[in-house]
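Working notes, structure below.
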Amino acid sequence: MSDTMFCFQCQETSKNTGCTVRGVCGKAPEVAQLQDLLVYLLKGISFWGTRGRGMGVVHKDTDLFVAQSLFATITNANFDADRFVELIKEAIERREALREEAQETCKELHGNPCPGGGPDWASWNPESYDVDTLLEKAQHVGVMADPNLDEDIRSLRELITYGLKGIAAYVDHAYILGEKDPEILEFMQDMLEATTNSKLTANELTGLVLQTGTMGLRTMALLDKANTGAYGNPEPTEVFLGVRPGPGILVSGHDLLDLDELLQQTEGTGVNVYTHGEMLPSHAYPKLKKYDHFVGNYGGSWWKQREEFESFGGPILMTTNCIVRPKDSYKDRIFTSGMAGYPGCPHIPNREPGKQKDFSALIEMAKGCDEPQQLEDKSIITGFAHEAVMQNAGAVIEAVNTGAIKRFVVMGGCDGRQKTREYYTEVAEALPDDTIILTAGCAKYRYNKLDLGTINGIPRILDAGQCNDSYSLIRTAQALAEAFEVEDVNDLPISYDIAWYEQKAVIVLLALLSLGIKKIRLGPTLPAFLSPNVTSVLVKNFDLKPNGGVEEDVAAMMMGN
Ligand code: SF4
Ligand code: SF3
């Protein structure tokens, strides 16, 4: 068993080449290796899933399981080795059930047990589920398992895989709220299968990258339907950043149903609920903001949690990424749910049919905890998702026509802890007063508390919501294109200065590229998993560029470059 690992899926990867000893995110080599093995086995499920589908053999729960398992491997979602052992075991059991039925059906249809036993990922069974046995196998299945693989092919395969991880997160959220689209799950398996196909050329894989972006957009649309269907269209809403007397529970991540059920279960208990990180935009949903004890947003971006969770004092629910290794001072107050996990922190079991998740452990703990210490007392505005922007479309269009608004700058994406991300604060400050920042995702925390004023009453920072609500930014761009009768969205006065960190930002980027959007600035570094040739293709076809200096980038964007 080796204690080395290789992971380069996120922006903070070591030396911008790859984490090989331990993740910069805190991921232990053992967890990284188990994640590699899980992804390998998901390709095995996809082998049988794609073949079985052609014969009418479909295991819907397994299709969703593939998405949920990929979701568990995104950056900062789940650090719990035991959980990955369970997922590996379930993956093999599900794959075997699918294989048996596919082979039997094939025999019935064609008279022979086609298509054979399949490749290793479709047929390997461990002697035991002992972690050492699994880790031994994991040594041979990771990103660098074949050192002779062409680096462009590896790059494109990983780009597709990371895009799929973003899709996985969003489709899981949609399914949780009852919005389903089996073709998305099928597509994920088609693409996982494609990443094992040695016949595919770099050109063909590039085509699949763009198809992944198109499916990413469809997934974000599905999640938008799920969120707005369940909770109404977000409304521009002032969110209080201070605290109220009384105990509180802090909710982070992206899962709105967890938040909804927690709000219902805390109503009338005297326990307040606060959001952290990517949960901030939930305050704009009519059916969530109605709760009086839903007090406000506490703190800032995910990477500040080591200080902010300590001062919060009460229990914290992490519904998805981003979890940072907790300090001992508050580790016993962290709970995880869904696909998130952290060793030693209690995990709230999934809901049983027709029932809610049981958050009583958090509520009881909150009653005995210190009250949150106030960090700030102002408020900020969120809730500028597509419907809210459409309702103000007249004012926006008039402001563009009169020259009051010269340019929109999309600055969505992820935040991260690297100091170089101060660039985004500086860009927000340096942009001229006649520009509007369109944002979504936790990238907003780099500038959402700045007082940038308004243009004709329109706030200069329009926050559409979580990273998945980048869909709203695309809808806004399309609506502007219609209003100004512009055929090509690239002709609009919109610039893109996107920050990325984890794989949900990868799918947002691919969605933008699939729409033909050009001249996107990406930072604070280009992904390590893009080989020089793949980068050149993106530069040539899409004019994708790394962000540069603040002044030069602002000047270039104002010139439409
Ligand atoms: Fe490194 Fe990012 Fe992978 Fe964590 S997720 S191990 S920081 S590349
Ligand atoms: Fe943020 Fe983790 Fe990506 Fe949802 S919370 S955008 S980084």
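Please note that chains go A, B, ... in the order of the structure tokens, that every chain numbers its residues from 1, and that ligands are numbered from 1 in the order shown.
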* To do: Name each residue within 10 Å of ligand 1, counting only C-alpha atoms and all ligand atoms, as a PyMOL selection string.
  => chain A and resi 5-29+31-32+73-77+79+501-503+527-529
Residues of chain A within 7 Å of ligand 2: nearest atom pair and distance (Å, one decimal) for each, counting only C-alpha atoms and all ligand atoms, sorted by chain and number, as CSV?
residue,atom,partner,partner_atom_place_in_ligand_line,distance
A:Gly253,CA,ligand 2,5 (S),6.2
A:His254,CA,ligand 2,4 (Fe),6.9
A:Gly277,CA,ligand 2,5 (S),6.2
A:Glu278,CA,ligand 2,5 (S),5.4
A:Trp302,CA,ligand 2,5 (S),5.7
A:Asn321,CA,ligand 2,2 (Fe),5.2
A:Cys322,CA,ligand 2,2 (Fe),4.3
A:Gly413,CA,ligand 2,6 (S),5.7
A:Cys414,CA,ligand 2,3 (Fe),3.9
A:Asp415,CA,ligand 2,7 (S),5.4
A:Gly416,CA,ligand 2,7 (S),6.6
A:Gly441,CA,ligand 2,6 (S),4.4
A:Cys442,CA,ligand 2,1 (Fe),4.4
A:Ala443,CA,ligand 2,6 (S),6.8
A:Gln466,CA,ligand 2,4 (Fe),5.6
A:Cys467,CA,ligand 2,4 (Fe),4.3
A:Asn468,CA,ligand 2,4 (Fe),6.9
A:Trp500,CA,ligand 2,3 (Fe),7.0
A:Tyr501,CA,ligand 2,7 (S),5.5
A:Glu502,CA,ligand 2,3 (Fe),5.3
A:Lys504,CA,ligand 2,3 (Fe),6.1
A:Ala505,CA,ligand 2,3 (Fe),6.1
Restricting it to N, CA and C atoms, dump the selection as a short mmCIF file (atom, residue, chain, number, x, y, z; two decimals), in the first residue's frame.
data_model
loop_
_atom_site.label_atom_id
_atom_site.label_comp_id
_atom_site.auth_asym_id
_atom_site.auth_seq_id
_atom_site.Cartn_x
_atom_site.Cartn_y
_atom_site.Cartn_z
N GLY A 253 -23.47 25.04 2.59
CA GLY A 253 -23.64 24.15 1.44
C GLY A 253 -24.71 24.68 0.50
N HIS A 254 -25.33 23.78 -0.26
CA HIS A 254 -26.22 24.21 -1.34
C HIS A 254 -27.61 23.57 -1.28
N GLY A 277 -21.81 30.92 3.79
CA GLY A 277 -21.29 30.58 2.47
C GLY A 277 -22.37 30.59 1.40
N GLU A 278 -22.47 29.48 0.67
CA GLU A 278 -23.36 29.41 -0.49
C GLU A 278 -24.84 29.36 -0.13
N TRP A 302 -16.67 30.09 2.30
CA TRP A 302 -16.41 28.79 2.94
C TRP A 302 -15.06 28.73 3.65
N ASN A 321 -20.34 20.54 -0.13
CA ASN A 321 -19.09 21.27 -0.03
C ASN A 321 -19.43 22.73 0.33
N CYS A 322 -18.51 23.46 0.95
CA CYS A 322 -17.09 23.18 1.12
C CYS A 322 -16.77 23.03 2.61
N GLY A 413 -18.72 32.43 -9.96
CA GLY A 413 -17.83 31.27 -9.77
C GLY A 413 -17.59 30.98 -8.30
N CYS A 414 -16.41 30.46 -8.05
CA CYS A 414 -16.05 30.01 -6.70
C CYS A 414 -15.09 30.99 -6.04
N ASP A 415 -15.08 30.95 -4.73
CA ASP A 415 -14.03 31.64 -3.98
C ASP A 415 -13.01 30.60 -3.51
N GLY A 416 -11.91 31.07 -3.00
CA GLY A 416 -10.87 30.20 -2.49
C GLY A 416 -9.98 31.01 -1.57
N GLY A 441 -22.58 32.23 -7.09
CA GLY A 441 -21.52 31.40 -6.51
C GLY A 441 -20.83 32.12 -5.37
N CYS A 442 -19.94 31.42 -4.69
CA CYS A 442 -19.32 32.04 -3.52
C CYS A 442 -18.22 33.04 -3.90
N ALA A 443 -17.88 33.13 -5.21
CA ALA A 443 -16.93 34.16 -5.65
C ALA A 443 -17.36 35.55 -5.19
N GLN A 466 -26.64 31.00 -5.93
CA GLN A 466 -25.56 30.02 -5.78
C GLN A 466 -24.85 29.81 -7.12
N CYS A 467 -23.80 28.98 -7.09
CA CYS A 467 -23.05 28.74 -8.33
C CYS A 467 -23.95 28.19 -9.43
N ASN A 468 -24.89 27.30 -9.06
CA ASN A 468 -25.81 26.74 -10.05
C ASN A 468 -26.70 27.81 -10.67
N TRP A 500 -12.63 30.30 -10.53
CA TRP A 500 -13.01 28.90 -10.35
C TRP A 500 -12.25 28.32 -9.16
N TYR A 501 -12.81 27.28 -8.61
CA TYR A 501 -12.12 26.54 -7.55
C TYR A 501 -12.37 25.04 -7.71
N GLU A 502 -13.67 24.66 -7.66
CA GLU A 502 -13.94 23.21 -7.74
C GLU A 502 -14.73 22.86 -9.00
N LYS A 504 -17.83 22.29 -9.81
CA LYS A 504 -19.07 22.92 -10.24
C LYS A 504 -18.76 24.12 -11.12
N ALA A 505 -17.66 24.78 -10.83
CA ALA A 505 -17.26 25.90 -11.69
C ALA A 505 -16.80 25.39 -13.05
#
* Could you name the residues that touch Phe384 (chain A) at 12 Å or less, counting only C-alpha atoms, but leaving out those on the same chain fewer than 3 positions away, as number ranges by chain? -> A: 233-238, 281-285, 381, 387-393, 437-440, 458-466, 469-473, 475-476
* **For Val550 (chain A), the nearest of the candidates A:Tyr496, A:Tyr423, A:Trp303, A:Tyr40, counting only C-alpha atoms** => A:Tyr423
* To do: For CA of Gln211 (chain A) and CA of Glu179 (chain A), quote the distance in Å rounded to one decimal.
  => 21.5 Å
* **Residues flagged alpha helix (DSSP H) by DSSP in region 417-554 of chain A, as a ChimeraX atom specification** => /A:422-430,470-483,503-514,532-542,550-554
* **9 Å contact set for Pro326 (chain A), only C-alpha atoms, chain neighbours under 5 positions out, as a ChimeraX atom specification** => /A:305-306,309,331,334
Kindly export the residues of the current selection with N, CA, C and O atoms, as a PDB file, in the first residue's frame.
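Contents of the output file part-v2.pdb:
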ATOM      1  N   GLN A 305     -14.359  29.516   7.476  1.00  0.00           N
ATOM      2  CA  GLN A 305     -15.137  28.812   8.507  1.00  0.00           C
ATOM      3  C   GLN A 305     -14.334  28.492   9.758  1.00  0.00           C
ATOM      4  O   GLN A 305     -14.929  28.362  10.825  1.00  0.00           O
ATOM      5  N   ARG A 306     -13.018  28.393   9.639  1.00  0.00           N
ATOM      6  CA  ARG A 306     -12.263  28.025  10.858  1.00  0.00           C
ATOM      7  C   ARG A 306     -12.372  29.109  11.931  1.00  0.00           C
ATOM      8  O   ARG A 306     -12.344  28.818  13.111  1.00  0.00           O
ATOM      9  N   PHE A 309     -16.890  29.604  12.361  1.00  0.00           N
ATOM     10  CA  PHE A 309     -17.632  28.536  13.034  1.00  0.00           C
ATOM     11  C   PHE A 309     -17.319  28.534  14.531  1.00  0.00           C
ATOM     12  O   PHE A 309     -18.150  28.179  15.360  1.00  0.00           O
ATOM     13  N   LYS A 331     -15.303  21.095  16.400  1.00  0.00           N
ATOM     14  CA  LYS A 331     -15.556  19.884  15.586  1.00  0.00           C
ATOM     15  C   LYS A 331     -16.807  19.135  16.064  1.00  0.00           C
ATOM     16  O   LYS A 331     -17.556  18.581  15.257  1.00  0.00           O
ATOM     17  N   ILE A 334     -20.151  20.126  14.402  1.00  0.00           N
ATOM     18  CA  ILE A 334     -20.382  19.988  12.958  1.00  0.00           C
ATOM     19  C   ILE A 334     -21.188  18.729  12.660  1.00  0.00           C
ATOM     20  O   ILE A 334     -20.843  17.643  13.138  1.00  0.00           O
TER      21      ILE A 334
END
* Nearest to Gly142 (chain A) by atom-to-atom distance, counting only C-alpha atoms, from A:Arg154, A:Arg51, A:Lys89, A:Lys449 ->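 Closest to Gly142 (chain A), using only C-alpha atoms: A:Arg154.
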* To do: Please identify all polymer residues within 8 Å of region 534-540 of chain A, counting only C-alpha atoms, omitting same-chain residues fewer than 6 positions from it, and present them as a list in words.
  =>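 What passes the distance filter is Asp152, Ser155 and Leu156 of chain A.
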Take the selection from the previous step and output its residues with N, CA, C and O atoms, as a PDB file, in the first residue's frame.
ATOM      1  N   ASP A 152      -2.764  14.888 -23.752  1.00  0.00           N
ATOM      2  CA  ASP A 152      -3.965  15.601 -24.201  1.00  0.00           C
ATOM      3  C   ASP A 152      -5.208  14.748 -23.991  1.00  0.00           C
ATOM      4  O   ASP A 152      -6.276  15.260 -23.616  1.00  0.00           O
ATOM      5  N   SER A 155      -5.961  14.842 -20.376  1.00  0.00           N
ATOM      6  CA  SER A 155      -6.506  16.156 -20.026  1.00  0.00           C
ATOM      7  C   SER A 155      -7.993  16.247 -20.403  1.00  0.00           C
ATOM      8  O   SER A 155      -8.839  16.682 -19.602  1.00  0.00           O
ATOM      9  N   LEU A 156      -8.310  15.803 -21.622  1.00  0.00           N
ATOM     10  CA  LEU A 156      -9.705  15.898 -22.073  1.00  0.00           C
ATOM     11  C   LEU A 156     -10.607  14.950 -21.291  1.00  0.00           C
ATOM     12  O   LEU A 156     -11.740  15.289 -20.943  1.00  0.00           O
TER      13      LEU A 156
END
